[in-house]
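Below: final39.pdb (PDB, C-alpha atoms)
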```pdb
ATOM      1  CA  MET R  98      11.909  40.563  15.850
ATOM      2  CA  LEU R  99      15.632  40.649  15.247
ATOM      3  CA  ILE R 100      17.895  41.640  18.078
ATOM      4  CA  ALA R 101      21.114  43.146  16.849
ATOM      5  CA  HIS R 102      24.061  45.028  18.200
ATOM      6  CA  SER R 103      25.264  48.427  17.121
ATOM      7  CA  GLY R 104      28.088  50.749  17.862
ATOM      8  CA  ASP R 105      25.913  53.807  18.363
ATOM      9  CA  GLY R 106      27.534  54.899  21.573
ATOM     10  CA  ALA R 107      28.321  51.301  22.528
ATOM     11  CA  GLY R 108      31.804  50.686  21.236
ATOM     12  CA  GLY R 109      30.902  48.323  18.381
ATOM     13  CA  GLU R 110      29.178  48.832  15.050
ATOM     14  CA  GLY R 111      26.544  46.733  13.316
ATOM     15  CA  TRP R 112      24.040  43.925  13.821
ATOM     16  CA  HIS R 113      24.017  40.391  15.069
ATOM     17  CA  CYS R 114      20.589  38.877  14.529
ATOM     18  CA  THR R 115      18.554  36.542  16.708
ATOM     19  CA  PRO R 116      15.008  35.815  15.460
ATOM     20  CA  VAL R 117      11.906  35.976  17.616
ATOM     21  CA  THR R 118       8.659  34.755  16.049
ATOM     22  CA  ARG R 119       5.672  36.889  15.283
ATOM     23  CA  ARG R 120       3.558  34.940  17.735
ATOM     24  CA  ALA R 121       5.882  35.887  20.573
ATOM     25  CA  ILE R 122       5.495  39.607  19.994
ATOM     26  CA  ILE R 123       2.203  40.115  18.243
ATOM     27  CA  GLY R 124       0.535  41.245  21.434
ATOM     28  CA  GLY R 125       2.902  44.153  21.737
ATOM     29  CA  VAL R 126       2.579  45.661  18.300
ATOM     30  CA  ALA R 127      -0.961  46.925  18.305
ATOM     31  CA  GLY R 128       0.274  50.406  19.110
ATOM     32  CA  ALA R 129       3.321  50.332  16.865
ATOM     33  CA  GLY R 130       1.656  52.631  14.369
ATOM     34  CA  LEU R 131       2.663  50.746  11.249
ATOM     35  CA  LEU R 132      -0.764  51.296   9.741
ATOM     36  CA  GLU R 133      -1.148  54.807  11.058
ATOM     37  CA  MET R 134      -2.683  57.113   8.499
ATOM     38  CA  LEU R 135      -0.723  60.258   7.676
ATOM     39  CA  SER R 136      -1.439  63.352   5.706
ATOM     40  CA  MET R 137       0.065  62.814   2.263
ATOM     41  CA  ALA R 138       3.139  64.883   1.512
ATOM     42  CA  ALA R 139       4.726  65.398  -1.893
ATOM     43  CA  PRO R 140       8.284  64.054  -2.320
ATOM     44  CA  LEU R 141      11.348  66.174  -2.799
ATOM     45  CA  ARG R 142      12.755  66.675  -6.260
ATOM     46  CA  ASP R 143      16.208  68.231  -6.297
ATOM     47  CA  GLY R 144      15.599  69.700  -2.867
ATOM     48  CA  ALA R 145      12.244  71.291  -3.715
ATOM     49  CA  MET R 146       8.693  70.129  -3.197
ATOM     50  CA  ALA R 147       7.320  68.325  -6.204
ATOM     51  CA  GLU R 148       4.144  69.832  -7.615
ATOM     52  CA  GLU R 149       2.385  66.579  -8.430
ATOM     53  CA  PRO R 150      -0.582  65.502  -6.271
ATOM     54  CA  ALA R 151       0.461  63.553  -3.183
ATOM     55  CA  GLU R 152      -1.766  60.610  -4.046
ATOM     56  CA  ASN R 153       0.140  60.175  -7.315
ATOM     57  CA  ALA R 154       3.558  60.734  -5.768
ATOM     58  CA  ALA R 155       3.599  57.364  -4.026
ATOM     59  CA  ARG R 156       3.198  55.662  -7.395
ATOM     60  CA  THR R 157       5.935  57.656  -9.114
ATOM     61  CA  LEU R 158       8.928  55.516  -9.940
ATOM     62  CA  PHE R 159      12.197  56.468  -8.271
ATOM     63  CA  THR R 160      14.968  56.915 -10.821
ATOM     64  CA  ALA R 161      18.587  57.937 -10.495
ATOM     65  CA  ASP R 162      17.916  60.680 -13.040
ATOM     66  CA  ASP R 163      15.143  62.167 -10.909
ATOM     67  CA  PRO R 164      15.635  60.926  -7.327
ATOM     68  CA  ARG R 165      12.469  61.449  -5.323
ATOM     69  CA  ILE R 166      13.156  60.803  -1.671
ATOM     70  CA  TYR R 167      10.923  61.423   1.309
ATOM     71  CA  THR R 168      12.869  63.352   3.903
ATOM     72  CA  ARG R 169      12.937  62.897   7.646
ATOM     73  CA  ALA R 170      10.704  65.922   8.015
ATOM     74  CA  GLN R 171       8.130  64.326   5.720
ATOM     75  CA  TRP R 172       7.983  61.068   7.648
ATOM     76  CA  ARG R 173       8.072  63.026  10.916
ATOM     77  CA  ALA R 174      11.322  61.743  12.324
ATOM     78  CA  ARG R 175      12.342  62.358  15.892
ATOM     79  CA  ALA R 176      15.423  64.434  16.564
ATOM     80  CA  PRO R 177      18.556  62.340  17.081
ATOM     81  CA  ARG R 178      19.945  62.125  20.586
ATOM     82  CA  ARG R 179      23.346  63.393  19.485
ATOM     83  CA  PRO R 180      24.631  65.117  16.358
ATOM     84  CA  THR R 181      25.311  62.791  13.453
ATOM     85  CA  LYS R 182      28.926  62.218  12.498
ATOM     86  CA  VAL R 183      29.387  63.279   8.879
ATOM     87  CA  ARG R 184      32.543  62.290   7.044
ATOM     88  CA  ARG R 185      33.728  64.340   4.092
ATOM     89  CA  ARG R 186      34.815  61.293   2.148
ATOM     90  CA  PRO R 187      32.559  58.875   0.252
ATOM     91  CA  PRO R 188      31.747  55.346   1.384
ATOM     92  CA  ASP R 189      33.392  52.514  -0.517
ATOM     93  CA  HIS R 190      30.548  49.996  -0.251
ATOM     94  CA  ILE R 191      26.749  49.975  -0.515
ATOM     95  CA  ILE R 192      25.275  47.499   1.960
ATOM     96  CA  VAL R 193      21.977  45.821   1.048
ATOM     97  CA  HIS R 194      19.782  44.896   4.029
ATOM     98  CA  HIS R 195      16.281  43.641   4.613
ATOM     99  CA  THR R 196      14.204  44.878   7.534
ATOM    100  CA  ALA R 197      13.132  41.360   8.601
ATOM    101  CA  THR R 198       9.583  42.641   8.996
ATOM    102  CA  ALA R 199       6.430  41.058   7.594
ATOM    103  CA  ASN R 200       6.070  41.127   3.803
ATOM    104  CA  SER R 201       3.254  43.624   3.784
ATOM    105  CA  GLU R 202       0.922  43.960   0.821
ATOM    106  CA  ASP R 203       0.425  47.645   1.641
ATOM    107  CA  ARG R 204       2.211  49.725  -1.009
ATOM    108  CA  SER R 205       0.855  53.075   0.187
ATOM    109  CA  LEU R 206       2.785  56.182   1.107
ATOM    110  CA  ALA R 207       1.176  56.202   4.556
ATOM    111  CA  HIS R 208       2.515  52.711   5.208
ATOM    112  CA  ALA R 209       6.000  53.642   3.982
ATOM    113  CA  LEU R 210       6.275  56.735   6.171
ATOM    114  CA  ALA R 211       4.947  54.837   9.174
ATOM    115  CA  LEU R 212       7.558  52.149   8.522
ATOM    116  CA  SER R 213      10.335  54.736   8.790
ATOM    117  CA  ARG R 214       8.961  55.914  12.130
ATOM    118  CA  LEU R 215       8.660  52.349  13.366
ATOM    119  CA  ILE R 216      12.268  51.611  12.460
ATOM    120  CA  GLN R 217      13.514  54.781  14.138
ATOM    121  CA  ASN R 218      11.508  54.165  17.303
ATOM    122  CA  PHE R 219      12.793  50.623  17.493
ATOM    123  CA  HIS R 220      16.407  51.582  16.918
ATOM    124  CA  MET R 221      16.289  54.409  19.444
ATOM    125  CA  ASP R 222      14.000  53.002  22.135
ATOM    126  CA  LYS R 223      14.843  49.306  22.078
ATOM    127  CA  ASN R 224      18.356  49.530  20.736
ATOM    128  CA  GLY R 225      19.651  52.585  22.490
ATOM    129  CA  TRP R 226      20.972  54.097  19.265
ATOM    130  CA  ASP R 227      21.202  57.816  18.668
ATOM    131  CA  ASP R 228      18.949  57.599  15.605
ATOM    132  CA  THR R 229      17.828  55.352  12.763
ATOM    133  CA  GLY R 230      20.706  53.078  11.829
ATOM    134  CA  GLN R 231      20.589  53.050   8.031
ATOM    135  CA  GLN R 232      20.886  55.968   5.614
ATOM    136  CA  LEU R 233      18.109  54.966   3.192
ATOM    137  CA  THR R 234      14.942  52.863   3.361
ATOM    138  CA  ILE R 235      12.898  51.419   0.485
ATOM    139  CA  SER R 236       9.342  50.241   1.098
ATOM    140  CA  ARG R 237       7.817  47.235  -0.665
ATOM    141  CA  GLY R 238       5.982  49.759  -2.797
ATOM    142  CA  GLY R 239       9.303  51.210  -3.999
ATOM    143  CA  ILE R 240       9.037  54.417  -1.973
ATOM    144  CA  VAL R 241      12.457  55.718  -0.940
ATOM    145  CA  MET R 242      13.021  57.522   2.357
ATOM    146  CA  GLU R 243      15.901  59.197   4.127
ATOM    147  CA  GLY R 244      17.060  57.376   7.242
ATOM    148  CA  ARG R 245      19.781  58.730   9.485
ATOM    149  CA  HIS R 246      19.881  62.492  10.004
ATOM    150  CA  HIS R 247      21.813  64.437   7.335
ATOM    151  CA  SER R 248      22.000  61.404   5.021
ATOM    152  CA  LEU R 249      20.658  63.222   1.950
ATOM    153  CA  LYS R 250      22.776  66.295   2.521
ATOM    154  CA  ALA R 251      25.876  64.143   2.923
ATOM    155  CA  ILE R 252      25.164  62.081  -0.213
ATOM    156  CA  ARG R 253      24.687  65.193  -2.327
ATOM    157  CA  ALA R 254      27.979  66.579  -0.973
ATOM    158  CA  GLY R 255      29.843  63.342  -1.675
ATOM    159  CA  GLY R 256      30.191  62.495   2.005
ATOM    160  CA  LEU R 257      28.723  60.041   4.482
ATOM    161  CA  ALA R 258      26.425  60.427   7.470
ATOM    162  CA  VAL R 259      27.835  57.631   9.606
ATOM    163  CA  GLY R 260      25.145  55.150  10.534
ATOM    164  CA  ALA R 261      24.910  51.990  12.630
ATOM    165  CA  GLN R 262      24.218  49.085  10.322
ATOM    166  CA  VAL R 263      27.338  46.930   9.872
ATOM    167  CA  LEU R 264      29.521  45.718  12.745
ATOM    168  CA  HIS R 265      32.942  47.410  12.602
ATOM    169  CA  HIS R 266      32.263  48.922   9.148
ATOM    170  CA  ASN R 267      29.904  51.855   9.690
ATOM    171  CA  SER R 268      32.525  54.499   8.971
ATOM    172  CA  HIS R 269      33.029  53.503   5.322
ATOM    173  CA  THR R 270      29.710  51.997   4.179
ATOM    174  CA  ILE R 271      26.224  53.240   3.370
ATOM    175  CA  GLY R 272      23.198  51.075   4.130
ATOM    176  CA  ILE R 273      19.903  50.518   2.297
ATOM    177  CA  GLU R 274      17.075  48.901   4.284
ATOM    178  CA  ASN R 275      14.633  47.014   2.054
ATOM    179  CA  GLU R 276      11.259  46.392   3.652
ATOM    180  CA  GLY R 277      10.398  42.739   4.106
ATOM    181  CA  THR R 278      11.945  39.337   4.804
ATOM    182  CA  TYR R 279      13.557  37.613   1.839
ATOM    183  CA  MET R 280      14.714  34.238   3.086
ATOM    184  CA  SER R 281      12.132  32.418   0.953
ATOM    185  CA  ARG R 282       9.879  35.105  -0.520
ATOM    186  CA  ALA R 283      10.552  36.903  -3.792
ATOM    187  CA  VAL R 284      11.412  40.591  -3.844
ATOM    188  CA  PRO R 285       8.524  42.775  -5.103
ATOM    189  CA  GLY R 286       9.121  44.300  -8.516
ATOM    190  CA  SER R 287       8.406  47.800  -7.225
ATOM    191  CA  LEU R 288      11.045  47.483  -4.514
ATOM    192  CA  TRP R 289      13.551  45.887  -6.884
ATOM    193  CA  ARG R 290      13.234  48.647  -9.475
ATOM    194  CA  SER R 291      13.820  51.325  -6.848
ATOM    195  CA  LEU R 292      16.749  49.403  -5.367
ATOM    196  CA  VAL R 293      18.430  49.287  -8.782
ATOM    197  CA  GLU R 294      17.907  52.996  -9.312
ATOM    198  CA  VAL R 295      19.027  53.938  -5.806
ATOM    199  CA  CYS R 296      22.246  51.995  -6.354
ATOM    200  CA  VAL R 297      22.729  53.738  -9.719
ATOM    201  CA  TRP R 298      22.262  57.091  -7.995
ATOM    202  CA  LEU R 299      24.732  56.251  -5.209
ATOM    203  CA  CYS R 300      27.314  54.887  -7.645
ATOM    204  CA  ARG R 301      27.076  58.119  -9.622
ATOM    205  CA  GLU R 302      27.302  60.353  -6.560
ATOM    206  CA  TYR R 303      30.247  58.455  -5.101
ATOM    207  CA  ASP R 304      31.946  57.265  -8.314
ATOM    208  CA  LEU R 305      31.652  53.627  -7.267
ATOM    209  CA  GLU R 306      31.984  50.507  -9.413
ATOM    210  CA  PRO R 307      28.892  48.357  -8.786
ATOM    211  CA  SER R 308      30.713  45.040  -9.280
ATOM    212  CA  LYS R 309      32.860  45.824  -6.251
ATOM    213  CA  ALA R 310      30.768  48.254  -4.228
ATOM    214  CA  ILE R 311      27.369  46.519  -3.884
ATOM    215  CA  VAL R 312      27.398  43.837  -1.195
ATOM    216  CA  GLY R 313      25.062  42.209   1.284
ATOM    217  CA  HIS R 314      25.092  42.584   5.045
ATOM    218  CA  ARG R 315      26.172  38.951   5.409
ATOM    219  CA  ASP R 316      29.335  39.711   3.444
ATOM    220  CA  TYR R 317      30.574  41.599   6.509
ATOM    221  CA  ASN R 318      28.799  40.040   9.488
ATOM    222  CA  ASN R 319      27.485  36.670  10.632
ATOM    223  CA  THR R 320      23.828  37.238   9.768
ATOM    224  CA  SER R 321      21.146  35.956   7.401
ATOM    225  CA  CYS R 322      20.489  39.530   6.212
ATOM    226  CA  PRO R 323      19.458  40.446   3.490
ATOM    227  CA  GLY R 324      17.778  37.043   3.142
ATOM    228  CA  ASP R 325      18.687  34.167   0.838
ATOM    229  CA  ARG R 326      16.451  35.265  -2.030
ATOM    230  CA  LEU R 327      17.613  38.893  -2.096
ATOM    231  CA  TYR R 328      21.240  37.973  -1.515
ATOM    232  CA  ALA R 329      21.135  35.547  -4.450
ATOM    233  CA  ARG R 330      20.056  38.423  -6.701
ATOM    234  CA  LEU R 331      22.985  40.706  -5.842
ATOM    235  CA  PRO R 332      24.972  39.642  -8.950
ATOM    236  CA  GLU R 333      21.903  40.580 -11.009
ATOM    237  CA  LEU R 334      21.680  43.871  -9.130
ATOM    238  CA  ARG R 335      25.313  44.685  -9.884
ATOM    239  CA  ARG R 336      24.811  43.931 -13.574
ATOM    240  CA  ALA R 337      21.625  46.001 -13.773
ATOM    241  CA  VAL R 338      23.316  48.971 -12.125
ATOM    242  CA  ALA R 339      26.344  48.673 -14.402
ATOM    243  CA  THR R 340      24.092  48.611 -17.462
ATOM    244  CA  ARG R 341      22.359  51.793 -16.339
ATOM    245  CA  LEU R 342      25.670  53.485 -15.644
ATOM    246  CA  GLU R 343      26.807  52.628 -19.163
ATOM    247  CA  GLY R 344      24.004  54.732 -20.574
ATOM    248  CA  SER R 345      20.832  52.671 -20.641
ATOM    249  CA  PRO R 346      17.737  54.797 -20.077
ATOM    250  CA  SER R 347      15.967  54.682 -16.757
ATOM    251  CA  PRO R 348      12.742  52.650 -16.624
ATOM    252  CA  SER R 349       9.444  54.454 -16.933
ATOM    253  CA  PRO R 350       6.253  53.765 -14.970
ATOM    254  CA  ASP R 351       4.598  52.672 -18.236
ATOM    255  CA  HIS R 352       7.369  50.217 -19.082
ATOM    256  CA  PRO R 353       8.847  48.986 -15.806
ATOM    257  CA  THR R 354      11.602  46.418 -15.666
ATOM    258  CA  GLY R 355      12.237  43.734 -13.096
ATOM    259  CA  PRO R 356      10.187  40.904 -11.611
ATOM    260  CA  GLU R 357       6.486  41.043 -11.012
ATOM    261  CA  ASP R 358       5.346  41.975  -7.530
ATOM    262  CA  ASP R 359       5.022  39.107  -5.098
ATOM    263  CA  LEU R 360       1.905  39.982  -3.136
ATOM    264  CA  THR R 361       2.029  36.909  -0.930
ATOM    265  CA  GLY R 362       2.477  37.897   2.698
ATOM    266  CA  ASP R 363       4.304  35.763   5.242
ATOM    267  CA  THR R 364       2.185  34.737   8.203
ATOM    268  CA  ASP R 365       4.827  33.937  10.814
ATOM    269  CA  LEU R 366       7.460  36.610  10.374
ATOM    270  CA  PRO R 367       8.860  39.214  12.758
ATOM    271  CA  LEU R 368       6.923  42.458  12.849
ATOM    272  CA  PHE R 369       9.755  44.656  14.030
ATOM    273  CA  PRO R 370      12.829  45.884  12.168
ATOM    274  CA  PRO R 371      16.305  44.753  13.219
ATOM    275  CA  LEU R 372      17.673  46.054  16.474
ATOM    276  CA  GLY R 373      21.206  47.112  16.941
ATOM    277  CA  ASP R 374      24.071  45.633  18.888
ATOM    278  CA  LEU R 375      24.023  46.289  22.594
ATOM    279  CA  PRO R 376      27.181  45.891  24.678
TER     280      PRO R 376
END
```
Could you take the file, read its structure, and then write that structure out as structure tokens?
Amino acid sequence: MLIAHSGDGAGGEGWHCTPVTRRAIIGGVAGAGLLEMLSMAAPLRDGAMAEEPAENAARTLFTADDPRIYTRAQWRARAPRRPTKVRRRPPDHIIVHHTATANSEDRSLAHALALSRLIQNFHMDKNGWDDTGQQLTISRGGIVMEGRHHSLKAIRAGGLAVGAQVLHHNSHTIGIENEGTYMSRAVPGSLWRSLVEVCVWLCREYDLEPSKAIVGHRDYNNTSCPGDRLYARLPELRRAVATRLEGSPSPSPDHPTGPEDDLTGDTDLPLFPPLGDLP
């Protein structure tokens, strides 16, 4: 578990992380619902329900040209405690995070949607935040989900649904939570490919230059997030996004790019997502 501090109604903004081992909390997670089975819902495509079968949707590659994002309604989000602040100006930085949860081998849609609920419950119930902290979440299977309320609407309008993910910098940044812990483990290829495409999409929507805009959480705050392995790949991420923005075609499911999936799970990692900063 990571205990962090957020400004959601607390005067500050962001995370400061203190690790607690899996063994210390494993007894309390049986009811967390991470493996809860859900009815399969089709993803949104340009605001409308996709017509492909739900069981195939989870394996469909996210691309900036055809962004398929599971909405809060689809992962059954709770209502926020207070209305989300939406700014009519774009963010200037994309913040890459990791969830600091176990590196699950489950790539299913059910797992991804349950992960979003777990994060929201933790942020709201343990953290005291109004809602999920980050704007977007990517599962280890590459499934992309809306986080904070109104995030998708704000992105499509060129604005920002203000979250709670970076101390003192929530009002001008947008955050992407990447499922897993990447201090020593490699990033799964499915997650990496979606992360590249999500950053391409955001750079297009906000007219951002990837070499300057894409940063890690630790670039702003004193934290290990997004993990040594993922942080070390941020220069590669910036280059990959820039190449796509220059006109390279998006990857296809038949010819994916990026590293092979690392299916090795950690055995002594936190099971809960980061908490926010409490006063």
Exercise for the section: Counting only C-alpha atoms, figure out which residue out of R:Ile271, R:Leu249, R:Ala197, R:Ala174 gets nearest to Ser213 in chain R. Expected result: R:Ala174
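Between CA of Pro332 in chain R and CA of Lys250 in chain R the separation is 29.1 Å.
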Could you give me, as an mmCIF file with C-alpha atoms, in the coordinates of the input, the residues within 7 Å of Glu243 in chain R, counting all atoms listed in the file and dropping anything in the same chain fewer than 3 positions from it?
```cif
data_model
loop_
_atom_site.group_PDB
_atom_site.id
_atom_site.type_symbol
_atom_site.label_atom_id
_atom_site.label_comp_id
_atom_site.auth_asym_id
_atom_site.auth_seq_id
_atom_site.Cartn_x
_atom_site.Cartn_y
_atom_site.Cartn_z
ATOM 1 C CA ILE R 166 13.156 60.803 -1.671
ATOM 2 C CA TYR R 167 10.923 61.423 1.309
ATOM 3 C CA THR R 168 12.869 63.352 3.903
ATOM 4 C CA ARG R 169 12.937 62.897 7.646
ATOM 5 C CA GLN R 232 20.886 55.968 5.614
ATOM 6 C CA LEU R 233 18.109 54.966 3.192
ATOM 7 C CA THR R 234 14.942 52.863 3.361
ATOM 8 C CA SER R 248 22.000 61.404 5.021
ATOM 9 C CA LEU R 249 20.658 63.222 1.950
#
```
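With all atoms listed in the file as the atoms that count, the residue of R:Leu206, R:Leu257, R:Ala310, R:Ala251 with the shortest distance to Val297 in chain R is R:Ala310.
Residues matched by the PyMOL selection byres ((chain R and resi 238) around 6) in this structure: Arg204, Ser236, Arg237, Gly239, Ile240, Ser287 and Leu288 of chain R.
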Practice task
Using CA of Gly324 in chain R and CA of Gly256 in chain R as the two end points, give the distance in Å to one decimal.
Solution key: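 The value is 28.3 Å.
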Problem - Atom-to-atom span, CA of Val295 in chain R and CA of Val338 in chain R, Å - result: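 These two atoms are separated by 9.1 Å.
Using only C-alpha atoms, the shortest contact distance between Arg290 in chain R and any of R:Arg341, R:His208, R:Arg326, R:Lys223 is found at R:Arg341.
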Any chance you could work out the axis-aligned box around range 284-289 of chain R, listed atoms only, 8 Å on each side, giving centre and edge lengths in Å to one decimal, as JSON?
```
{"center_x": 11.0, "center_y": 44.2, "center_z": -6.2, "size_x": 21.1, "size_y": 23.2, "size_z": 20.7}
```
Handout entry: Of the listed residues R:Pro187, R:Arg179, R:Ser201, R:Arg173, that which approaches Leu215 in chain R most closely, counting only C-alpha atoms
Key =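 Smallest distance to Leu215 in chain R is found for R:Arg173.
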Residue contacts of Tyr328 in chain R (10 Å, all atoms listed in the file) excluding same-chain residues fewer than 3 positions away, as a compact mmCIF listing (two decimals) with C-alpha atoms, in the coordinates of the input:
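The resulting file, around.txt, is shown below:
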```txt
# COMPACT_ATOMS: atom_id res chain seq x y z
CA VAL R 193 21.98 45.82 1.05
CA HIS R 194 19.78 44.90 4.03
CA HIS R 195 16.28 43.64 4.61
CA TYR R 279 13.56 37.61 1.84
CA MET R 280 14.71 34.24 3.09
CA VAL R 312 27.40 43.84 -1.20
CA GLY R 313 25.06 42.21 1.28
CA HIS R 314 25.09 42.58 5.04
CA ARG R 315 26.17 38.95 5.41
CA ASP R 316 29.34 39.71 3.44
CA SER R 321 21.15 35.96 7.40
CA CYS R 322 20.49 39.53 6.21
CA PRO R 323 19.46 40.45 3.49
CA GLY R 324 17.78 37.04 3.14
CA ASP R 325 18.69 34.17 0.84
CA LEU R 331 22.98 40.71 -5.84
CA PRO R 332 24.97 39.64 -8.95
CA GLU R 333 21.90 40.58 -11.01
CA LEU R 334 21.68 43.87 -9.13
```
Problem - Best match for closeness to Asp189 in chain R among R:Cys296, R:Leu342, R:Leu210, R:Leu305, counting only C-alpha atoms - result: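 Nearest candidate to Asp189 in chain R out of R:Cys296, R:Leu342, R:Leu210, R:Leu305: R:Leu305.
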Handout entry: the PyMOL selection byres ((chain R and resi 311) around 7) resolved against shown file, as a ChimeraX atom specification
Key = /R:190-192,307-310,312,335
Exercise for the section: Take the point (27.0, 58.3, 10.2) as written in the file and pick out every residue within 10 Å of it, counting only C-alpha atoms; give the list as a list in words. Expected result: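 Those within range, by chain then number, are Asp105, Pro180, Thr181, Lys182, Val183, Arg184, Asp228, Thr229, Gly230, Gln231, Gln232, Arg245, His246, His247, Ser248, Ala251, Gly256, Leu257, Ala258, Val259, Gly260, Ala261, Gln262, Asn267, Ser268, His269, Thr270 and Ile271 of chain R.
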Since the input is missing atoms, can you rebuild all heavy atoms for range 221-228 of chain R and write them as a compact mmCIF listing (two decimals), in the coordinates of the input?
```txt
# COMPACT_ATOMS: atom_id res chain seq x y z
N MET R 221 15.98 53.50 18.35
CA MET R 221 16.29 54.41 19.44
C MET R 221 15.81 53.89 20.79
O MET R 221 16.54 53.95 21.79
CB MET R 221 15.68 55.78 19.16
CG MET R 221 16.32 56.50 17.98
SD MET R 221 15.61 58.14 17.63
CE MET R 221 16.25 59.08 19.02
N ASP R 222 14.60 53.36 20.85
CA ASP R 222 14.00 53.00 22.14
C ASP R 222 14.40 51.61 22.61
O ASP R 222 14.58 51.40 23.81
CB ASP R 222 12.48 53.09 22.05
CG ASP R 222 11.98 54.49 21.73
OD1 ASP R 222 12.75 55.44 21.96
OD2 ASP R 222 10.85 54.63 21.24
N LYS R 223 14.50 50.67 21.70
CA LYS R 223 14.84 49.31 22.08
C LYS R 223 16.34 49.03 21.96
O LYS R 223 16.88 48.17 22.65
CB LYS R 223 14.08 48.31 21.20
CG LYS R 223 12.58 48.47 21.26
CD LYS R 223 12.03 48.17 22.65
CE LYS R 223 10.51 48.26 22.66
NZ LYS R 223 9.95 47.98 24.01
N ASN R 224 16.97 49.78 21.08
CA ASN R 224 18.36 49.53 20.74
C ASN R 224 19.33 50.45 21.45
O ASN R 224 20.50 50.15 21.56
CB ASN R 224 18.49 49.75 19.23
CG ASN R 224 19.47 48.83 18.62
OD1 ASN R 224 19.81 47.84 19.19
ND2 ASN R 224 19.93 49.20 17.44
N GLY R 225 18.81 51.59 21.85
CA GLY R 225 19.65 52.58 22.49
C GLY R 225 20.52 53.37 21.54
O GLY R 225 21.48 54.02 21.95
N TRP R 226 20.19 53.34 20.24
CA TRP R 226 20.97 54.10 19.26
C TRP R 226 20.61 55.58 19.33
O TRP R 226 19.57 55.97 19.84
CB TRP R 226 20.71 53.59 17.85
CG TRP R 226 21.21 52.20 17.60
CD1 TRP R 226 21.78 51.35 18.48
CD2 TRP R 226 21.15 51.52 16.34
NE1 TRP R 226 22.09 50.17 17.86
CE2 TRP R 226 21.72 50.24 16.56
CE3 TRP R 226 20.68 51.85 15.08
CZ2 TRP R 226 21.83 49.29 15.53
CZ3 TRP R 226 20.80 50.92 14.07
CH2 TRP R 226 21.37 49.65 14.29
N ASP R 227 21.47 56.38 18.74
CA ASP R 227 21.20 57.82 18.67
C ASP R 227 20.07 58.14 17.69
O ASP R 227 19.41 59.17 17.83
CB ASP R 227 22.46 58.57 18.21
CG ASP R 227 23.56 58.55 19.26
OD1 ASP R 227 23.25 58.29 20.44
OD2 ASP R 227 24.72 58.78 18.89
N ASP R 228 19.87 57.28 16.70
CA ASP R 228 18.95 57.60 15.60
C ASP R 228 18.71 56.32 14.80
O ASP R 228 19.19 55.24 15.15
CB ASP R 228 19.59 58.68 14.71
CG ASP R 228 18.62 59.33 13.74
OD1 ASP R 228 17.42 59.03 13.78
OD2 ASP R 228 19.08 60.15 12.92
```
